[in-house]
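K.L.:
Got a structure for you, written out below as structure tokens; questions coming shortly.
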Amino acid sequence: AAEAAVQNVLTLEDGDDREFAKQRLQGVLALLESSPLAVLVVAHLGRPSPDGEQPPQAEAGDGAEVLENASGEEPDAGSNLMLHDVAKRMRSLPSLEPLLELLREVVEGPASSIEFVPHDVWLGEPETFAEKVRNDRSENKVFLIENLSVFPEEVGEHRIVKALPTTEEAPPAATPEGTPAAPTTMMSFTRVPWARREFWAKRAFNFLLPDIVVQDSFTTACKSMTLHTGFWPAHPQRYLGPYIEAEMVAFLDVLQLPFKGGESSGGEEEPGANKDDDENGGAREPAPLLV
């Protein structure tokens, strides 16, 4: 919503930042008018530190942190490893939990419940969380999902810090005083293949099975996030939200294009709209705007 201080803590001060964030959340209020079972609010904020930059975790039994799901039970090895990587990356990303109170102010009336959902809940206990979301005894439930920028499979890129190879026979040469030392690490940047990204999405949303994705962030819509561009079995339908629609209308007005939203303008002609006529003397139909 509002890109405030991206330093592990998301802060929204009173004033313009707070009002702008509330304005961006109005799309959730519009969705609740159709009385859905639930609305899951997701966002991408910040960029995690490259994997490998932080020191490795201690071995099990050596004071290591044991990741458990919300029920207190240790998940399977694959899930535990994924949550372990997520927890490490979240240390360099802001949590979206501070947005919960702001979201509550916006949707408190129409929403039957409002809840923040950490990654270890919707990923650690996917069946339990999906059952809670799809519970048909209540409608208009709102869930704020933790920051999705933590997943390389979602954003499509993976950065890793690797140590440069060194040899014991040739130790690093001494550098003159004041000269920066030679780098000992290098940054590795890779694009995550679409097959891996869509497999991740299928696994992550296997139980939740969202029906519709409403993209209401123009900035995110310009990026190839897996959630709104990937295709996997039972992937959701995609629609544009009211905020993007307002942005597109503003673009058409500023560019003074001879059409608005695909409808004929009618009435007074736009300047220069009919300069080029076809061979039959009729006015040329404007081409559709493709985004």
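Each chain in the structure tokens gets a letter, A, B, ..., in the order shown, and its residues are numbered from 1; ligands are numbered from 1 in order too.
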Fewer than 3 positions away in the same chain doesn't count, so skip those; otherwise give me all residues within 9 Å of Val155 (chain A), counting only C-alpha atoms, as JSON, numbers by chain.
P.N.:
{"A": [44, 148, 149, 150, 151, 152, 158, 192, 197, 223, 224, 225, 226]}
K.L.:
Can I get the selected residues back with all heavy atoms, as a CSV table (one decimal), in the first residue's frame?
P.N.:
chain,number,residue,atom,x,y,z
A,44,HIS,N,3.3,-7.0,-2.2
A,44,HIS,CA,4.7,-7.3,-2.4
A,44,HIS,C,5.4,-6.0,-2.0
A,44,HIS,O,5.3,-5.0,-2.6
A,44,HIS,CB,5.0,-7.6,-3.8
A,44,HIS,CG,4.2,-8.8,-4.4
A,44,HIS,ND1,2.9,-8.6,-4.8
A,44,HIS,CD2,4.5,-10.0,-4.6
A,44,HIS,CE1,2.4,-9.7,-5.2
A,44,HIS,NE2,3.4,-10.6,-5.1
A,148,LEU,N,4.5,-11.2,0.3
A,148,LEU,CA,4.8,-12.2,-0.7
A,148,LEU,C,6.1,-12.0,-1.4
A,148,LEU,O,6.5,-12.9,-2.1
A,148,LEU,CB,3.7,-12.3,-1.7
A,148,LEU,CG,2.3,-12.9,-1.2
A,148,LEU,CD1,1.4,-13.0,-2.4
A,148,LEU,CD2,2.5,-14.2,-0.5
A,149,SER,N,6.8,-10.9,-1.1
A,149,SER,CA,8.1,-10.7,-1.7
A,149,SER,C,9.1,-11.7,-1.2
A,149,SER,O,10.2,-11.7,-1.8
A,149,SER,CB,8.6,-9.2,-1.5
A,149,SER,OG,7.8,-8.3,-2.2
A,150,VAL,N,8.8,-12.4,-0.2
A,150,VAL,CA,9.8,-13.3,0.4
A,150,VAL,C,10.0,-14.6,-0.5
A,150,VAL,O,11.0,-15.3,-0.3
A,150,VAL,CB,9.3,-13.8,1.8
A,150,VAL,CG1,8.1,-14.7,1.7
A,150,VAL,CG2,10.4,-14.4,2.6
A,151,PHE,N,9.1,-14.8,-1.5
A,151,PHE,CA,9.2,-16.0,-2.3
A,151,PHE,C,9.9,-15.7,-3.6
A,151,PHE,O,9.3,-15.0,-4.5
A,151,PHE,CB,7.8,-16.6,-2.5
A,151,PHE,CG,7.1,-17.0,-1.3
A,151,PHE,CD1,6.1,-16.2,-0.8
A,151,PHE,CD2,7.5,-18.1,-0.5
A,151,PHE,CE1,5.4,-16.5,0.4
A,151,PHE,CE2,6.8,-18.5,0.6
A,151,PHE,CZ,5.8,-17.7,1.1
A,152,PRO,N,11.0,-16.3,-3.9
A,152,PRO,CA,11.6,-16.2,-5.2
A,152,PRO,C,10.7,-16.7,-6.3
A,152,PRO,O,10.7,-16.2,-7.5
A,152,PRO,CB,12.9,-17.0,-5.2
A,152,PRO,CG,13.2,-17.1,-3.7
A,152,PRO,CD,11.9,-17.1,-3.0
A,158,HIS,N,16.0,-14.9,-8.1
A,158,HIS,CA,16.6,-15.5,-6.9
A,158,HIS,C,18.0,-15.0,-6.8
A,158,HIS,O,18.8,-15.2,-7.8
A,158,HIS,CB,16.6,-17.0,-6.9
A,158,HIS,CG,16.9,-17.6,-5.6
A,158,HIS,ND1,17.2,-19.0,-5.5
A,158,HIS,CD2,17.1,-17.1,-4.4
A,158,HIS,CE1,17.5,-19.3,-4.2
A,158,HIS,NE2,17.4,-18.1,-3.5
A,192,VAL,N,14.0,-17.4,-12.0
A,192,VAL,CA,13.4,-18.7,-11.6
A,192,VAL,C,12.6,-19.2,-12.8
A,192,VAL,O,11.7,-18.5,-13.4
A,192,VAL,CB,12.5,-18.5,-10.4
A,192,VAL,CG1,11.8,-19.8,-10.0
A,192,VAL,CG2,13.2,-17.9,-9.3
A,197,ARG,N,8.2,-22.0,-10.9
A,197,ARG,CA,7.3,-21.0,-10.3
A,197,ARG,C,5.8,-21.6,-10.2
A,197,ARG,O,5.1,-21.4,-9.2
A,197,ARG,CB,7.3,-19.7,-11.1
A,197,ARG,CG,8.7,-19.1,-11.1
A,197,ARG,CD,8.7,-17.9,-12.0
A,197,ARG,NE,7.8,-16.8,-11.6
A,197,ARG,CZ,7.8,-15.6,-12.2
A,197,ARG,NH1,8.6,-15.3,-13.2
A,197,ARG,NH2,7.0,-14.7,-11.7
A,223,LYS,N,4.7,-6.1,-13.5
A,223,LYS,CA,5.7,-7.1,-13.3
A,223,LYS,C,5.1,-8.5,-13.5
A,223,LYS,O,3.9,-8.7,-13.3
A,223,LYS,CB,6.3,-7.0,-11.8
A,223,LYS,CG,6.9,-5.6,-11.5
A,223,LYS,CD,7.3,-5.5,-10.1
A,223,LYS,CE,7.9,-4.2,-9.8
A,223,LYS,NZ,8.3,-4.1,-8.4
A,224,SER,N,5.9,-9.5,-13.7
A,224,SER,CA,5.4,-10.8,-14.0
A,224,SER,C,5.4,-11.7,-12.7
A,224,SER,O,6.1,-12.6,-12.6
A,224,SER,CB,6.3,-11.5,-15.1
A,224,SER,OG,7.6,-11.6,-14.7
A,225,MET,N,4.6,-11.3,-11.8
A,225,MET,CA,4.4,-12.1,-10.6
A,225,MET,C,3.6,-13.4,-10.9
A,225,MET,O,2.7,-13.4,-11.7
A,225,MET,CB,3.6,-11.3,-9.5
A,225,MET,CG,4.3,-10.0,-9.1
A,225,MET,SD,5.9,-10.2,-8.4
A,225,MET,CE,6.3,-8.6,-7.9
A,226,THR,N,4.0,-14.5,-10.3
A,226,THR,CA,3.4,-15.7,-10.6
A,226,THR,C,1.9,-15.8,-10.3
A,226,THR,O,1.1,-16.3,-11.1
A,226,THR,CB,4.1,-16.9,-9.8
A,226,THR,OG1,5.5,-16.8,-10.0
A,226,THR,CG2,3.5,-18.2,-10.1
K.L.:
Fewer than 6 positions away in the same chain doesn't count, so skip those; otherwise give me all residues within 8 Å of Leu10 (chain A), counting only C-alpha atoms, as a PyMOL selection string.
P.N.:
chain A and resi 4+94-96+98
K.L.:
Mind writing the picked residues with N, CA, C and O atoms as a JSON list (two decimals), in the first residue's frame?
P.N.:
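Heads up, here's the output in result32.json:
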[["chain", "number", "residue", "atom", "x", "y", "z"],
["A", 4, "ALA", "N", 6.65, 2.79, 3.07],
["A", 4, "ALA", "CA", 7.24, 3.61, 4.11],
["A", 4, "ALA", "C", 8.65, 3.12, 4.37],
["A", 4, "ALA", "O", 9.36, 2.73, 3.46],
["A", 94, "PRO", "N", 9.99, -5.98, 5.47],
["A", 94, "PRO", "CA", 9.01, -5.48, 6.44],
["A", 94, "PRO", "C", 7.79, -6.39, 6.49],
["A", 94, "PRO", "O", 7.32, -6.89, 5.46],
["A", 95, "SER", "N", 7.29, -6.60, 7.67],
["A", 95, "SER", "CA", 6.04, -7.36, 7.83],
["A", 95, "SER", "C", 4.86, -6.45, 7.52],
["A", 95, "SER", "O", 4.89, -5.24, 7.76],
["A", 96, "LEU", "N", 3.81, -7.05, 6.98],
["A", 96, "LEU", "CA", 2.60, -6.29, 6.66],
["A", 96, "LEU", "C", 1.63, -6.22, 7.84],
["A", 96, "LEU", "O", 0.55, -5.63, 7.71],
["A", 98, "PRO", "N", 1.55, -4.38, 10.51],
["A", 98, "PRO", "CA", 1.08, -3.05, 10.90],
["A", 98, "PRO", "C", -0.07, -2.51, 10.05],
["A", 98, "PRO", "O", -0.77, -1.59, 10.46]]
K.L.:
Report, in Å to a single decimal, how far apart CA of Ile244 (chain A) and CA of Ser217 (chain A) are.
P.N.:
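Atom-to-atom, CA of Ser217 (chain A) to CA of Ile244 (chain A), that is 6.4 Å.
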K.L.:
Residues at most 9 Å from Leu40 (chain A), counting only C-alpha atoms, excluding those fewer than 3 positions away in the same chain, as a list in words?
P.N.:
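Using only C-alpha atoms, the neighbours found are Val133, Lys141, Val142, Phe143, Leu144, Ile145 and Pro210 of chain A.
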K.L.:
What does the structure give for the distance between CA of Pro242 (chain A) and CA of Ala130 (chain A), in Å to one decimal?
P.N.:
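Distance reported for this atom pair: 26.8 Å.
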K.L.:
Under the rule that only C-alpha atoms are counted, which of A:Val86, A:Gln215, A:Leu31, A:Val121 is the nearest residue to Ala43 (chain A)?
P.N.:
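For Ala43 (chain A), the nearest of the candidates is A:Gln215.
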K.L.:
Closest to Leu102 (chain A) among A:Val161, A:Gly156, A:Arg24, A:Ile212, using only C-alpha atoms?
P.N.:
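Smallest distance to Leu102 (chain A) is found for A:Arg24.
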K.L.:
With distances taken over only C-alpha atoms, which of A:Gly230, A:Leu208, A:Pro165, A:Pro48 is nearest to Thr128 (chain A)?
P.N.:
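Answer, going by the shortest atom-to-atom distance: A:Leu208.
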K.L.:
For a quick check of understanding, using only C-alpha atoms, which of A:Ala195, A:Asp85, A:Phe231, A:Leu32 has the smallest distance to Gly109 (chain A)?
P.N.:
A:Leu32
K.L.:
So which bits of region 85-174 of chain A end up strand (DSSP E) when you DSSP the backbone, as a list in words?
P.N.:
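Filtering region 85-174 of chain A down to strand (DSSP E) leaves Ser113, Ile114, Glu115, Phe116, Val117, Lys141, Val142, Phe143, Leu144, Ile145, Glu157, His158, Arg159, Ile160, Val161, Lys162 and Ala163 of chain A.
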K.L.:
Quick one: write out the picked residues with N, CA, C and O atoms as a CSV table (one decimal), in the first residue's frame?
P.N.:
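Saved result, part_14.csv, follows:
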chain,number,residue,atom,x,y,z
A,113,SER,N,-15.0,-10.6,9.7
A,113,SER,CA,-13.8,-10.8,10.6
A,113,SER,C,-12.6,-10.3,9.8
A,113,SER,O,-12.6,-10.3,8.5
A,114,ILE,N,-11.6,-9.9,10.5
A,114,ILE,CA,-10.3,-9.4,9.9
A,114,ILE,C,-9.2,-10.0,10.6
A,114,ILE,O,-9.1,-9.9,11.9
A,115,GLU,N,-8.3,-10.6,9.9
A,115,GLU,CA,-7.2,-11.4,10.5
A,115,GLU,C,-5.9,-11.3,9.7
A,115,GLU,O,-5.9,-11.3,8.5
A,116,PHE,N,-4.8,-11.2,10.4
A,116,PHE,CA,-3.5,-11.2,9.8
A,116,PHE,C,-3.0,-12.7,9.8
A,116,PHE,O,-3.1,-13.4,10.8
A,117,VAL,N,-2.4,-13.1,8.7
A,117,VAL,CA,-2.0,-14.5,8.5
A,117,VAL,C,-0.5,-14.6,8.2
A,117,VAL,O,-0.1,-14.2,7.1
A,141,LYS,N,-15.2,-12.6,5.1
A,141,LYS,CA,-14.1,-12.7,5.9
A,141,LYS,C,-12.9,-12.1,5.2
A,141,LYS,O,-12.7,-12.2,4.0
A,142,VAL,N,-12.0,-11.3,5.9
A,142,VAL,CA,-10.9,-10.7,5.3
A,142,VAL,C,-9.6,-11.2,6.0
A,142,VAL,O,-9.5,-11.2,7.2
A,143,PHE,N,-8.7,-11.6,5.2
A,143,PHE,CA,-7.4,-12.1,5.7
A,143,PHE,C,-6.2,-11.3,5.0
A,143,PHE,O,-6.2,-11.2,3.8
A,144,LEU,N,-5.4,-10.8,5.8
A,144,LEU,CA,-4.2,-10.1,5.3
A,144,LEU,C,-3.0,-11.0,5.4
A,144,LEU,O,-2.5,-11.4,6.4
A,145,ILE,N,-2.5,-11.5,4.2
A,145,ILE,CA,-1.4,-12.4,4.1
A,145,ILE,C,-0.1,-11.7,4.2
A,145,ILE,O,0.1,-10.6,3.7
A,157,GLU,N,12.7,-14.1,-9.4
A,157,GLU,CA,14.2,-13.9,-9.3
A,157,GLU,C,14.7,-14.5,-8.0
A,157,GLU,O,14.1,-14.4,-7.0
A,158,HIS,N,16.0,-14.9,-8.1
A,158,HIS,CA,16.6,-15.5,-6.9
A,158,HIS,C,18.0,-15.0,-6.8
A,158,HIS,O,18.8,-15.2,-7.8
A,159,ARG,N,18.4,-14.3,-5.7
A,159,ARG,CA,19.8,-13.8,-5.6
A,159,ARG,C,20.5,-14.6,-4.5
A,159,ARG,O,19.9,-14.8,-3.4
A,160,ILE,N,21.7,-15.0,-4.8
A,160,ILE,CA,22.5,-15.8,-3.8
A,160,ILE,C,23.9,-15.2,-3.7
A,160,ILE,O,24.5,-14.8,-4.8
A,161,VAL,N,24.4,-15.0,-2.5
A,161,VAL,CA,25.8,-14.6,-2.3
A,161,VAL,C,26.7,-15.8,-2.2
A,161,VAL,O,26.4,-16.7,-1.4
A,162,LYS,N,27.7,-15.9,-3.1
A,162,LYS,CA,28.6,-17.0,-3.1
A,162,LYS,C,30.0,-16.6,-2.8
A,162,LYS,O,30.4,-15.5,-3.2
A,163,ALA,N,30.7,-17.4,-2.1
A,163,ALA,CA,32.1,-17.1,-1.8
A,163,ALA,C,33.0,-17.4,-3.0
A,163,ALA,O,32.8,-18.4,-3.7
K.L.:
In Å to one decimal, how far is CA of Gly27 (chain A) from CA of Val254 (chain A)?
P.N.:
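Separation of CA of Val254 (chain A) and CA of Gly27 (chain A): 23.3 Å.
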